[in-house]
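Since the structure comes first, as C-alpha cells, the remarks are kept for the end.
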Amino acid sequence: MMRKKKRIIKAVIYSAVMFAIVLLWLMPLLWAFVTSFKSDADIDAHLLSFIPREFTFSRYSTLLFKNSADYPVLKWLFNSVWIAVCYTFLHLLVVSLAAYAFSILKYKGRNQLFTLILTTMMIPSVINLVPMFNMMVKFNWIGSPLSMIIPGIAGVYGMFLVRQFFLGIPDSLVESAQIEGAGHLTVFFRIVIPLSSSAFMVAGLFAFLANWNDFMWPQLMLASEELSKMTLTVGLSLMQGSYGYDLGLTMTAAIVSAIPVLLLFLFTQEKVVEGIATVGLKD
C-alpha cells in the first residue's frame, strides 16, 4: 500500500514538473499570439497581459493583403517555402546516397572514412562564410535562389541520421535482392527507400527547419536585391528596420512565419516520432 502511494506521489510530482516546463515553454508563444490581436493602445497599457481588452484582426489583413508593395509578406512566404522544399528534396537525395555507401556497401576503411567525415561537424559553420561567399561570386549566384539551395545539401548530420536507420535494414534482405540480379540503384530505390520513410521524415523535417530559419546566409545573398526576392526571415528584418519597431506587427509576422512549420509537423508528427524512436536500432 505504501509503495503504491509513493508511486502515485512520484507520478503527481513528475506530472506537475513536466506541466510547469511545458507551460514555461508555451508562454512566449501564447503571448506572441495574443499580442498579435491586441490594439496598439492595449499593447501600451497592458503589455504583459494574456487577455486582450480589444480584439483586432487589422494587422493580419494589413500584413497579408494590404500595402504589399512595401512589405510583400506572401511573396516572402512563397520564396521561403519553395526554397526550403527544393533544399530538403536535394538534401535527402544526397545524404541518402551517401548513407547507402556508408551502411549497405561493404568495403575496407568504410567506418574510418565515415568517422573522418563526422569530425567535420566540429568545425564552426561561420568559418565557411567567406569561402562560400567567394564561390557564389564566381558562380554568379549572388541573389539567386541557387545560392540558398545548393550550399549545405550534403549535410553530415542528415547523413548520420539516415545511415543509422539504414544500418537497421537486414543484410539478408539486400543480399536476397542482389542474388535475384538487382543492382545497387534497384536495391536503393525499391528496397531501402520504401523501408526508410520514417528516417526520411526526421531528416527532412530537420533540413526544412534549418533552411527555413536561416537568416545570416540569405541576408548575405540577398542584401542588394529587390524586396520581392527576399525570404521571410530577411524580409521581416528589413520591414522592422524600415518602419521602426511595431511590436504588434512583429508578433503578427512571427505567427504567420510559424504557420507552415506547425502545419508540416502536424502532418508528419507520427512518422517523425516513429523515426526518432527507431533511428539507431539494429536487428
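In the C-alpha cells, each chain is lettered A, B, ... as it comes, each chain's residues begin at 1, and ligands are numbered from 1 in order of appearance.
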- Counting only C-alpha atoms, what is within 7 Å of stretch 48-61 of chain A, bar same-chain residues fewer than 3 positions away, as a list of chain:residue names? A:Trp31, A:Val34, A:Phe37, A:Lys38, A:Ser39, A:Asp42, A:Leu64, A:Phe65, A:Lys66, A:Leu249, A:Thr252
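When the distance limit is 10 Å and only C-alpha atoms are what count, the residues near stretch 111-118 of chain A, minus those fewer than 6 positions from it on the same chain, are Ala98, Ala99, Ala101, Phe102, Ser103, Val156, Tyr157, Met159 and Phe160 of chain A.
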Could you take the residues named above and write them with N, CA and C atoms, as a tab-separated table (two decimals), in the first residue's frame?
```tsv
chain	number	residue	atom	x	y	z
A	98	ALA	N	24.72	8.96	-49.84
A	98	ALA	CA	25.94	8.84	-49.03
A	98	ALA	C	25.73	7.84	-47.90
A	99	ALA	N	24.56	7.87	-47.28
A	99	ALA	CA	24.27	6.93	-46.19
A	99	ALA	C	24.26	5.50	-46.70
A	101	ALA	N	26.10	4.37	-49.12
A	101	ALA	CA	27.50	3.99	-49.32
A	101	ALA	C	28.19	3.67	-48.01
A	102	PHE	N	27.74	4.28	-46.91
A	102	PHE	CA	28.40	4.06	-45.62
A	102	PHE	C	27.66	3.05	-44.73
A	103	SER	N	26.63	2.41	-45.26
A	103	SER	CA	25.90	1.43	-44.45
A	103	SER	C	25.67	0.11	-45.18
A	156	VAL	N	26.20	16.67	-43.03
A	156	VAL	CA	26.73	15.49	-42.36
A	156	VAL	C	25.73	14.95	-41.34
A	157	TYR	N	25.04	15.83	-40.64
A	157	TYR	CA	24.10	15.37	-39.62
A	157	TYR	C	22.95	14.58	-40.25
A	159	MET	N	23.09	12.92	-43.05
A	159	MET	CA	23.67	11.65	-43.49
A	159	MET	C	23.80	10.68	-42.32
A	160	PHE	N	24.21	11.21	-41.16
A	160	PHE	CA	24.35	10.37	-39.97
A	160	PHE	C	23.01	9.77	-39.57
```
May I have a table of the residues of stretch 70-142 of chain A lying at most 8 Å from stretch 147-152 of chain A, giving each one's closest pair of atoms and their distance in Å to one decimal, counting only C-alpha atoms, ordered by chain and ascending residue number, as a Markdown table?
```
| residue | atom | partner | partner_atom | distance |
| --- | --- | --- | --- | --- |
| A:Ile83 | CA | A:Ile149 | CA | 6.4 |
| A:Ala84 | CA | A:Ile149 | CA | 7.5 |
| A:Cys86 | CA | A:Ile149 | CA | 6.8 |
| A:Tyr87 | CA | A:Ile149 | CA | 4.8 |
| A:His91 | CA | A:Gly152 | CA | 7.8 |
| A:Met132 | CA | A:Pro151 | CA | 7.9 |
| A:Met136 | CA | A:Ser147 | CA | 6.6 |
| A:Trp141 | CA | A:Ser147 | CA | 5.6 |
| A:Ile142 | CA | A:Ser147 | CA | 6.6 |
```
- Query: Could you name the residues that touch stretch 73-77 of chain A at 6 Å or less, counting only C-alpha atoms, but leaving out those on the same chain fewer than 2 positions away, as a ChimeraX atom specification?
  - Reply: /A:71,79-80,230-232
- Message: So that I can see what lies close to stretch 202-214 of chain A, please list as an NGL selection string the residues with an atom at most 10 Å from it, counting only C-alpha atoms and leaving out residues fewer than 4 positions away in the same chain.
- Response: :A and (77 or 80-92 or 95-96 or 148-149 or 152-153 or 155 or 157-162 or 197-198 or 218-219 or 231-234 or 257-258 or 260-261 or 264-265 or 268-269 or 271-276 or 279)
- Item | Picked from stretch 119-188 of chain A by DSSP as helix (DSSP H, G or I), as a ChimeraX atom specification | /A:119-122,125-139,146-149,156-166,171-179,184-188
- In Å, rounded to a single decimal, give me how far atom CA of A:Phe267 is from atom CA of A:Ile191. 24.4 Å
